$ cat input_3.cif   # mmCIF, N, CA and C atoms
data_final
#
loop_
_atom_site.label_atom_id
_atom_site.label_comp_id
_atom_site.auth_asym_id
_atom_site.auth_seq_id
_atom_site.Cartn_x
_atom_site.Cartn_y
_atom_site.Cartn_z
N GLN S 1 94.10 -14.46 -150.69
CA GLN S 1 92.70 -14.74 -150.97
C GLN S 1 92.43 -16.22 -150.73
N VAL S 2 91.34 -16.49 -150.03
CA VAL S 2 90.98 -17.87 -149.73
C VAL S 2 90.42 -18.51 -150.99
N GLN S 3 90.91 -19.71 -151.31
CA GLN S 3 90.45 -20.41 -152.51
C GLN S 3 89.57 -21.60 -152.13
N LEU S 4 88.67 -21.92 -153.03
CA LEU S 4 87.77 -23.05 -152.86
C LEU S 4 87.93 -24.00 -154.03
N MET S 5 87.84 -25.30 -153.75
CA MET S 5 87.95 -26.29 -154.81
C MET S 5 86.93 -27.38 -154.62
N GLU S 6 86.07 -27.56 -155.64
CA GLU S 6 85.06 -28.60 -155.59
C GLU S 6 85.57 -29.89 -156.22
N SER S 7 84.94 -30.98 -155.82
CA SER S 7 85.18 -32.27 -156.46
C SER S 7 83.94 -33.13 -156.25
N GLY S 8 83.84 -34.19 -157.06
CA GLY S 8 82.79 -35.17 -156.84
C GLY S 8 81.68 -35.18 -157.86
N GLY S 9 81.71 -34.28 -158.85
CA GLY S 9 80.67 -34.30 -159.86
C GLY S 9 80.80 -35.51 -160.76
N GLY S 10 79.84 -35.66 -161.67
CA GLY S 10 79.90 -36.78 -162.60
C GLY S 10 78.57 -37.04 -163.23
N LEU S 11 78.48 -38.22 -163.84
CA LEU S 11 77.26 -38.64 -164.53
C LEU S 11 76.59 -39.73 -163.70
N VAL S 12 75.28 -39.58 -163.51
CA VAL S 12 74.54 -40.55 -162.72
C VAL S 12 73.14 -40.71 -163.32
N GLN S 13 72.56 -41.87 -163.15
CA GLN S 13 71.20 -42.07 -163.63
C GLN S 13 70.20 -41.47 -162.65
N ALA S 14 69.05 -41.13 -163.18
CA ALA S 14 67.98 -40.59 -162.32
C ALA S 14 67.70 -41.57 -161.18
N GLY S 15 67.53 -41.00 -159.99
CA GLY S 15 67.32 -41.82 -158.81
C GLY S 15 68.59 -42.13 -158.06
N GLY S 16 69.72 -41.85 -158.67
CA GLY S 16 71.01 -42.14 -158.06
C GLY S 16 71.46 -41.05 -157.12
N SER S 17 72.68 -41.21 -156.63
CA SER S 17 73.25 -40.28 -155.64
C SER S 17 74.65 -39.84 -156.05
N LEU S 18 75.00 -38.65 -155.63
CA LEU S 18 76.35 -38.12 -155.77
C LEU S 18 76.67 -37.31 -154.53
N SER S 19 77.95 -37.25 -154.22
CA SER S 19 78.38 -36.41 -153.11
C SER S 19 79.44 -35.45 -153.61
N LEU S 20 79.24 -34.18 -153.35
CA LEU S 20 80.19 -33.14 -153.72
C LEU S 20 80.96 -32.70 -152.48
N SER S 21 82.21 -32.34 -152.71
CA SER S 21 83.05 -31.81 -151.63
C SER S 21 83.63 -30.48 -152.05
N CYS S 22 83.84 -29.62 -151.09
CA CYS S 22 84.46 -28.31 -151.34
C CYS S 22 85.48 -28.07 -150.24
N VAL S 23 86.73 -28.01 -150.65
CA VAL S 23 87.81 -27.75 -149.70
C VAL S 23 88.12 -26.26 -149.70
N VAL S 24 88.20 -25.69 -148.53
CA VAL S 24 88.58 -24.29 -148.36
C VAL S 24 90.08 -24.25 -148.06
N PHE S 25 90.83 -23.65 -148.95
CA PHE S 25 92.28 -23.52 -148.74
C PHE S 25 92.53 -22.28 -147.88
N GLY S 26 92.45 -22.50 -146.62
CA GLY S 26 92.50 -21.46 -145.61
C GLY S 26 91.59 -21.93 -144.51
N SER S 27 90.95 -21.02 -143.86
CA SER S 27 90.02 -21.39 -142.80
C SER S 27 88.58 -21.23 -143.26
N ILE S 28 87.79 -22.26 -142.98
CA ILE S 28 86.37 -22.19 -143.31
C ILE S 28 85.69 -21.06 -142.56
N PHE S 29 86.30 -20.65 -141.45
CA PHE S 29 85.73 -19.57 -140.66
C PHE S 29 86.09 -18.20 -141.23
N SER S 30 86.75 -18.20 -142.40
CA SER S 30 86.93 -16.95 -143.14
C SER S 30 85.59 -16.46 -143.67
N PHE S 31 84.61 -17.38 -143.69
CA PHE S 31 83.30 -17.06 -144.25
C PHE S 31 82.21 -17.23 -143.19
N ASP S 32 81.18 -16.39 -143.26
CA ASP S 32 80.08 -16.57 -142.32
C ASP S 32 79.03 -17.52 -142.86
N ARG S 33 79.13 -17.80 -144.17
CA ARG S 33 78.21 -18.76 -144.76
C ARG S 33 78.90 -19.50 -145.90
N MET S 34 78.71 -20.79 -145.95
CA MET S 34 79.14 -21.61 -147.07
C MET S 34 77.90 -22.08 -147.81
N GLY S 35 78.00 -22.10 -149.13
CA GLY S 35 76.83 -22.51 -149.90
C GLY S 35 77.20 -23.26 -151.15
N TRP S 36 76.21 -23.96 -151.67
CA TRP S 36 76.31 -24.60 -152.97
C TRP S 36 75.31 -23.96 -153.91
N TYR S 37 75.80 -23.48 -155.03
CA TYR S 37 74.98 -22.94 -156.09
C TYR S 37 75.04 -23.89 -157.28
N ARG S 38 74.08 -23.72 -158.18
CA ARG S 38 74.14 -24.45 -159.44
C ARG S 38 73.64 -23.56 -160.57
N GLN S 39 74.15 -23.86 -161.76
CA GLN S 39 73.73 -23.12 -162.94
C GLN S 39 73.57 -24.10 -164.09
N ALA S 40 72.36 -24.17 -164.57
CA ALA S 40 72.05 -25.00 -165.74
C ALA S 40 72.14 -24.14 -166.99
N PRO S 41 72.35 -24.74 -168.15
CA PRO S 41 72.46 -23.96 -169.39
C PRO S 41 71.24 -23.09 -169.61
N GLY S 42 71.48 -21.82 -169.86
CA GLY S 42 70.40 -20.89 -170.15
C GLY S 42 69.63 -20.42 -168.93
N LYS S 43 70.09 -20.81 -167.74
CA LYS S 43 69.39 -20.41 -166.52
C LYS S 43 70.33 -19.62 -165.61
N GLN S 44 69.71 -18.90 -164.69
CA GLN S 44 70.49 -18.14 -163.73
C GLN S 44 71.06 -19.07 -162.65
N ARG S 45 72.16 -18.64 -162.10
CA ARG S 45 72.73 -19.39 -160.99
C ARG S 45 71.80 -19.28 -159.78
N GLU S 46 71.56 -20.42 -159.12
CA GLU S 46 70.67 -20.40 -157.97
C GLU S 46 71.35 -21.04 -156.76
N LEU S 47 70.99 -20.52 -155.60
CA LEU S 47 71.50 -21.07 -154.35
C LEU S 47 70.71 -22.34 -154.03
N VAL S 48 71.41 -23.44 -153.91
CA VAL S 48 70.78 -24.73 -153.66
C VAL S 48 70.71 -25.02 -152.17
N ALA S 49 71.81 -24.79 -151.48
CA ALA S 49 71.88 -25.11 -150.05
C ALA S 49 72.94 -24.23 -149.41
N SER S 50 72.73 -23.90 -148.14
CA SER S 50 73.71 -23.09 -147.43
C SER S 50 73.83 -23.52 -145.99
N SER S 51 74.98 -23.21 -145.42
CA SER S 51 75.26 -23.57 -144.04
C SER S 51 76.03 -22.42 -143.42
N THR S 52 75.51 -21.88 -142.33
CA THR S 52 76.19 -20.77 -141.69
C THR S 52 77.19 -21.26 -140.64
N SER S 53 78.05 -20.36 -140.24
CA SER S 53 79.04 -20.71 -139.22
C SER S 53 78.39 -21.02 -137.88
N ARG S 54 77.12 -20.59 -137.72
CA ARG S 54 76.39 -20.88 -136.48
C ARG S 54 75.63 -22.19 -136.56
N GLY S 55 75.70 -22.85 -137.75
CA GLY S 55 75.12 -24.18 -137.84
C GLY S 55 73.75 -24.26 -138.49
N SER S 56 73.18 -23.16 -138.91
CA SER S 56 71.87 -23.22 -139.56
C SER S 56 72.03 -23.56 -141.03
N THR S 57 71.05 -24.26 -141.56
CA THR S 57 71.08 -24.67 -142.96
C THR S 57 69.80 -24.24 -143.66
N ASN S 58 69.89 -24.04 -144.96
CA ASN S 58 68.73 -23.70 -145.77
C ASN S 58 68.84 -24.38 -147.12
N TYR S 59 67.69 -24.68 -147.70
CA TYR S 59 67.65 -25.37 -148.99
C TYR S 59 66.61 -24.72 -149.89
N VAL S 60 66.89 -24.73 -151.18
CA VAL S 60 65.86 -24.34 -152.13
C VAL S 60 64.79 -25.43 -152.12
N GLU S 61 63.55 -25.03 -152.33
CA GLU S 61 62.43 -25.95 -152.19
C GLU S 61 62.58 -27.21 -153.03
N SER S 62 63.13 -27.08 -154.22
CA SER S 62 63.20 -28.20 -155.16
C SER S 62 64.12 -29.33 -154.71
N VAL S 63 64.98 -29.07 -153.72
CA VAL S 63 65.91 -30.12 -153.27
C VAL S 63 65.66 -30.56 -151.84
N LYS S 64 64.71 -29.95 -151.19
CA LYS S 64 64.43 -30.32 -149.80
C LYS S 64 64.06 -31.80 -149.70
N GLY S 65 64.65 -32.46 -148.73
CA GLY S 65 64.40 -33.89 -148.55
C GLY S 65 65.29 -34.77 -149.39
N ARG S 66 66.01 -34.20 -150.35
CA ARG S 66 66.88 -34.99 -151.23
C ARG S 66 68.35 -34.63 -151.05
N PHE S 67 68.65 -33.36 -150.81
CA PHE S 67 70.02 -32.90 -150.67
C PHE S 67 70.30 -32.56 -149.21
N THR S 68 71.55 -32.78 -148.81
CA THR S 68 71.97 -32.43 -147.45
C THR S 68 73.32 -31.75 -147.50
N ILE S 69 73.39 -30.55 -146.93
CA ILE S 69 74.66 -29.85 -146.81
C ILE S 69 75.23 -30.12 -145.42
N SER S 70 76.53 -30.33 -145.38
CA SER S 70 77.18 -30.55 -144.10
C SER S 70 78.59 -29.97 -144.18
N ARG S 71 79.21 -29.85 -143.03
CA ARG S 71 80.54 -29.27 -143.02
C ARG S 71 81.39 -29.96 -141.96
N ASP S 72 82.66 -30.09 -142.26
CA ASP S 72 83.63 -30.58 -141.31
C ASP S 72 84.60 -29.43 -141.09
N ASN S 73 84.40 -28.69 -140.02
CA ASN S 73 85.21 -27.49 -139.80
C ASN S 73 86.68 -27.82 -139.61
N ALA S 74 86.95 -28.97 -139.00
CA ALA S 74 88.34 -29.36 -138.77
C ALA S 74 89.07 -29.62 -140.08
N LYS S 75 88.32 -30.05 -141.10
CA LYS S 75 88.91 -30.33 -142.41
C LYS S 75 88.70 -29.18 -143.39
N ASN S 76 88.08 -28.11 -142.92
CA ASN S 76 87.79 -26.96 -143.80
C ASN S 76 87.08 -27.41 -145.07
N THR S 77 86.10 -28.27 -144.90
CA THR S 77 85.43 -28.87 -146.04
C THR S 77 83.91 -28.80 -145.86
N VAL S 78 83.25 -28.53 -146.95
CA VAL S 78 81.78 -28.52 -147.01
C VAL S 78 81.36 -29.59 -148.00
N TYR S 79 80.29 -30.28 -147.67
CA TYR S 79 79.80 -31.37 -148.51
C TYR S 79 78.38 -31.10 -148.97
N LEU S 80 78.02 -31.70 -150.08
CA LEU S 80 76.63 -31.70 -150.53
C LEU S 80 76.30 -33.13 -150.94
N GLN S 81 75.50 -33.79 -150.15
CA GLN S 81 75.03 -35.13 -150.47
C GLN S 81 73.74 -35.00 -151.25
N MET S 82 73.72 -35.56 -152.43
CA MET S 82 72.57 -35.44 -153.32
C MET S 82 72.00 -36.82 -153.58
N ASN S 83 70.77 -37.03 -153.15
CA ASN S 83 70.08 -38.31 -153.33
C ASN S 83 68.86 -38.13 -154.22
N SER S 84 68.36 -39.22 -154.72
CA SER S 84 67.16 -39.20 -155.57
C SER S 84 67.29 -38.15 -156.67
N LEU S 85 68.41 -38.16 -157.33
CA LEU S 85 68.69 -37.14 -158.34
C LEU S 85 67.73 -37.23 -159.52
N LYS S 86 67.43 -36.06 -160.07
CA LYS S 86 66.51 -35.93 -161.19
C LYS S 86 67.24 -35.28 -162.36
N PRO S 87 66.76 -35.51 -163.58
CA PRO S 87 67.41 -34.85 -164.72
C PRO S 87 67.48 -33.32 -164.57
N GLU S 88 66.49 -32.74 -163.91
CA GLU S 88 66.50 -31.29 -163.73
C GLU S 88 67.54 -30.81 -162.73
N ASP S 89 68.23 -31.73 -162.07
CA ASP S 89 69.34 -31.36 -161.20
C ASP S 89 70.64 -31.16 -162.00
N THR S 90 70.60 -31.49 -163.27
CA THR S 90 71.77 -31.34 -164.12
C THR S 90 72.20 -29.88 -164.18
N ALA S 91 73.46 -29.64 -163.85
CA ALA S 91 73.98 -28.27 -163.81
C ALA S 91 75.45 -28.31 -163.43
N VAL S 92 76.08 -27.16 -163.53
CA VAL S 92 77.41 -27.00 -162.93
C VAL S 92 77.18 -26.51 -161.50
N TYR S 93 77.78 -27.20 -160.56
CA TYR S 93 77.62 -26.86 -159.15
C TYR S 93 78.86 -26.11 -158.66
N TYR S 94 78.60 -25.01 -157.99
CA TYR S 94 79.67 -24.15 -157.50
C TYR S 94 79.64 -24.05 -155.98
N CYS S 95 80.79 -24.14 -155.39
CA CYS S 95 80.93 -23.88 -153.97
C CYS S 95 81.13 -22.38 -153.77
N ASN S 96 80.52 -21.85 -152.74
CA ASN S 96 80.60 -20.42 -152.46
C ASN S 96 80.89 -20.19 -150.98
N GLY S 97 81.78 -19.23 -150.73
CA GLY S 97 82.00 -18.76 -149.37
C GLY S 97 81.67 -17.28 -149.32
N ARG S 98 80.88 -16.91 -148.34
CA ARG S 98 80.44 -15.52 -148.24
C ARG S 98 80.84 -14.92 -146.90
N LEU S 99 81.36 -13.71 -146.96
CA LEU S 99 81.64 -12.94 -145.75
C LEU S 99 81.12 -11.54 -146.02
N GLY S 100 79.99 -11.20 -145.41
CA GLY S 100 79.37 -9.92 -145.71
C GLY S 100 79.01 -9.86 -147.17
N SER S 101 79.53 -8.87 -147.88
CA SER S 101 79.25 -8.73 -149.30
C SER S 101 80.33 -9.36 -150.16
N PHE S 102 81.32 -9.96 -149.53
CA PHE S 102 82.40 -10.59 -150.28
C PHE S 102 82.07 -12.05 -150.54
N ASN S 103 82.29 -12.45 -151.80
CA ASN S 103 82.04 -13.83 -152.19
C ASN S 103 83.28 -14.44 -152.82
N SER S 104 83.52 -15.68 -152.47
CA SER S 104 84.59 -16.45 -153.10
C SER S 104 83.97 -17.69 -153.73
N TRP S 105 84.45 -18.06 -154.93
CA TRP S 105 83.84 -19.14 -155.69
C TRP S 105 84.86 -20.20 -156.05
N GLY S 106 84.38 -21.43 -156.10
CA GLY S 106 85.17 -22.49 -156.68
C GLY S 106 85.03 -22.47 -158.19
N GLN S 107 85.72 -23.38 -158.86
CA GLN S 107 85.71 -23.40 -160.32
C GLN S 107 84.49 -24.11 -160.89
N GLY S 108 83.78 -24.85 -160.07
CA GLY S 108 82.58 -25.55 -160.50
C GLY S 108 82.85 -27.00 -160.86
N THR S 109 81.84 -27.82 -160.67
CA THR S 109 81.92 -29.23 -161.04
C THR S 109 80.60 -29.64 -161.70
N GLN S 110 80.72 -30.37 -162.81
CA GLN S 110 79.53 -30.73 -163.59
C GLN S 110 78.82 -31.92 -162.96
N VAL S 111 77.51 -31.79 -162.83
CA VAL S 111 76.66 -32.90 -162.42
C VAL S 111 75.65 -33.13 -163.54
N THR S 112 75.64 -34.33 -164.07
CA THR S 112 74.72 -34.69 -165.14
C THR S 112 73.89 -35.88 -164.71
N VAL S 113 72.56 -35.72 -164.77
CA VAL S 113 71.64 -36.79 -164.38
C VAL S 113 70.89 -37.23 -165.63
N SER S 114 71.08 -38.48 -165.99
CA SER S 114 70.42 -39.00 -167.19
C SER S 114 69.08 -39.63 -166.82
N SER S 115 68.15 -39.54 -167.75
CA SER S 115 66.80 -40.08 -167.50
C SER S 115 66.70 -41.53 -167.92
#
$ encode --input "input_3.cif" --output "structure tokens"
Amino acid sequence: QVQLMESGGGLVQAGGSLSLSCVVFGSIFSFDRMGWYRQAPGKQRELVASSTSRGSTNYVESVKGRFTISRDNAKNTVYLQMNSLKPEDTAVYYCNGRLGSFNSWGQGTQVTVSS
């Protein structure tokens, strides 16, 4: 089973930046789509950004213009650059790899944005 591991979370003030990384232990091409989800306390997990193996990207409206998903296929790594962070971005962020109906998840990394 292909494993995913996130890193890069932490505490930042509003307006600041953080960069998350997700290493795929195996081949990133095991998945047709890589994504970043987040889950805040008491809320459902939501897809924040995704990147397909064909190079297309998508973002939830609330992060457009602030977050950027990218991937380094040679390093089997997906990144999420988060700028202009807001307190409402506070959540546990999860890396996801999807192949058809199969999903693989990382363990999550906490991002906390203070006001």
$ resolve_selection --input "input_3.cif" --expression "the PyMOL selection byres ((chain S and resi 28) around 6.5)" --output "PyMOL selection string"
chain S and resi 24+26-27+29-31+73+76-77
$ closest_residue --input "input_3.cif" --among "S:Met34, S:Val111, S:Leu85, S:Val63" --to "Ser7 in chain S" --atoms "only C-alpha atoms"
S:Val111
$ resolve_selection --input "input_3.cif" --expression "the PyMOL selection byres ((chain S and resi 52-55) around 7)" --output "list of chain:residue names"
S:Phe29, S:Phe31, S:Asp32, S:Arg33, S:Met34, S:Ser50, S:Ser51, S:Ser56, S:Thr57, S:Asn58
$ select_by_dssp --input "input_3.cif" --residues "chain S" --states "strand (DSSP E or B)" --output "VMD selection string"
chain S and resid 3 to 7 10 to 13 18 to 25 33 to 39 46 to 52 57 to 59 67 to 72 77 to 82 91 to 99 102 to 105 109 to 114
$ select_by_dssp --input "input_3.cif" --residues "chain S" --states "helix (DSSP H, G or I)" --output "list in words"
Ile28, Phe29, Ser30, Glu61, Ser62, Val63, Asn73, Ala74, Lys75, Pro87, Glu88 and Asp89 of chain S
$ atom_distance --input "input_3.cif" --atom1 "atom C of Leu20 in chain S" --atom2 "atom N of Arg45 in chain S"
19.2 Å
$ closest_residue --input "input_3.cif" --among "S:Gln1, S:Val113, S:Val23, S:Tyr37" --to "Asp89 in chain S" --atoms "all atoms listed in the file"
S:Val113
$ atom_distance --input "input_3.cif" --atom1 "atom N of Lys86 in chain S" --atom2 "atom N of Gly15 in chain S"
4.9 Å
$ closest_residue --input "input_3.cif" --among "S:Asn96, S:Gln44, S:Thr90, S:Gln81" --to "Gln110 in chain S" --atoms "all atoms listed in the file"
S:Thr90
$ residues_around --input "input_3.cif" --residues "Val78 in chain S" --least-positions-apart "6" --cutoff "5 Å" --atoms "all atoms listed in the file" --output "ChimeraX atom specification"
/S:21-22,70-72
$ atom_distance --input "input_3.cif" --atom1 "atom C of Ser115 in chain S" --atom2 "atom N of Phe67 in chain S"
19.1 Å
$ residues_near_point --input "input_3.cif" --point "(75.2, -40.3, -160.6)" --cutoff "8 Å" --atoms "only C-alpha atoms" --output "compact mmCIF listing (two decimals) with N, CA and C atoms, in the frame of the given file"
# COMPACT_ATOMS: atom_id res chain seq x y z
N GLY S 10 79.84 -35.66 -161.67
CA GLY S 10 79.90 -36.78 -162.60
C GLY S 10 78.57 -37.04 -163.23
N LEU S 11 78.48 -38.22 -163.84
CA LEU S 11 77.26 -38.64 -164.53
C LEU S 11 76.59 -39.73 -163.70
N VAL S 12 75.28 -39.58 -163.51
CA VAL S 12 74.54 -40.55 -162.72
C VAL S 12 73.14 -40.71 -163.32
N GLN S 13 72.56 -41.87 -163.15
CA GLN S 13 71.20 -42.07 -163.63
C GLN S 13 70.20 -41.47 -162.65
N ALA S 14 69.05 -41.13 -163.18
CA ALA S 14 67.98 -40.59 -162.32
C ALA S 14 67.70 -41.57 -161.18
N GLY S 16 69.72 -41.85 -158.67
CA GLY S 16 71.01 -42.14 -158.06
C GLY S 16 71.46 -41.05 -157.12
N SER S 17 72.68 -41.21 -156.63
CA SER S 17 73.25 -40.28 -155.64
C SER S 17 74.65 -39.84 -156.05
N LEU S 18 75.00 -38.65 -155.63
CA LEU S 18 76.35 -38.12 -155.77
C LEU S 18 76.67 -37.31 -154.53
N LEU S 85 68.41 -38.16 -157.33
CA LEU S 85 68.69 -37.14 -158.34
C LEU S 85 67.73 -37.23 -159.52
N VAL S 111 77.51 -31.79 -162.83
CA VAL S 111 76.66 -32.90 -162.42
C VAL S 111 75.65 -33.13 -163.54
N THR S 112 75.64 -34.33 -164.07
CA THR S 112 74.72 -34.69 -165.14
C THR S 112 73.89 -35.88 -164.71
N VAL S 113 72.56 -35.72 -164.77
CA VAL S 113 71.64 -36.79 -164.38
C VAL S 113 70.89 -37.23 -165.63
$ closest_residue --input "input_3.cif" --among "S:Ala91, S:Ser114, S:Trp105, S:Ser19" --to "Met5 in chain S" --atoms "only N, CA and C atoms"
S:Trp105
$ closest_residue --input "input_3.cif" --among "S:Arg66, S:Leu80, S:Ala40, S:Thr109" --to "Tyr93 in chain S" --atoms "all atoms listed in the file"
S:Thr109
$ resolve_selection --input "input_3.cif" --expression "the PyMOL selection byres ((chain S and resi 47) around 6)" --output "PyMOL selection string"
chain S and resi 36-38+45-46+48-49+60
$ axis_aligned_box --input "input_3.cif" --around "range 48-51 of chain S" --padding-each-side "5 Å" --output "AutoDock Vina command-line options"
--center_x 73.4 --center_y -23.8 --center_z -148.7 --size_x 15.3 --size_y 12.7 --size_z 20.5
$ closest_residue --input "input_3.cif" --among "S:Gly8, S:Asn83, S:Val2, S:Lys43" --to "Gly108 in chain S" --atoms "only C-alpha atoms"
S:Gly8
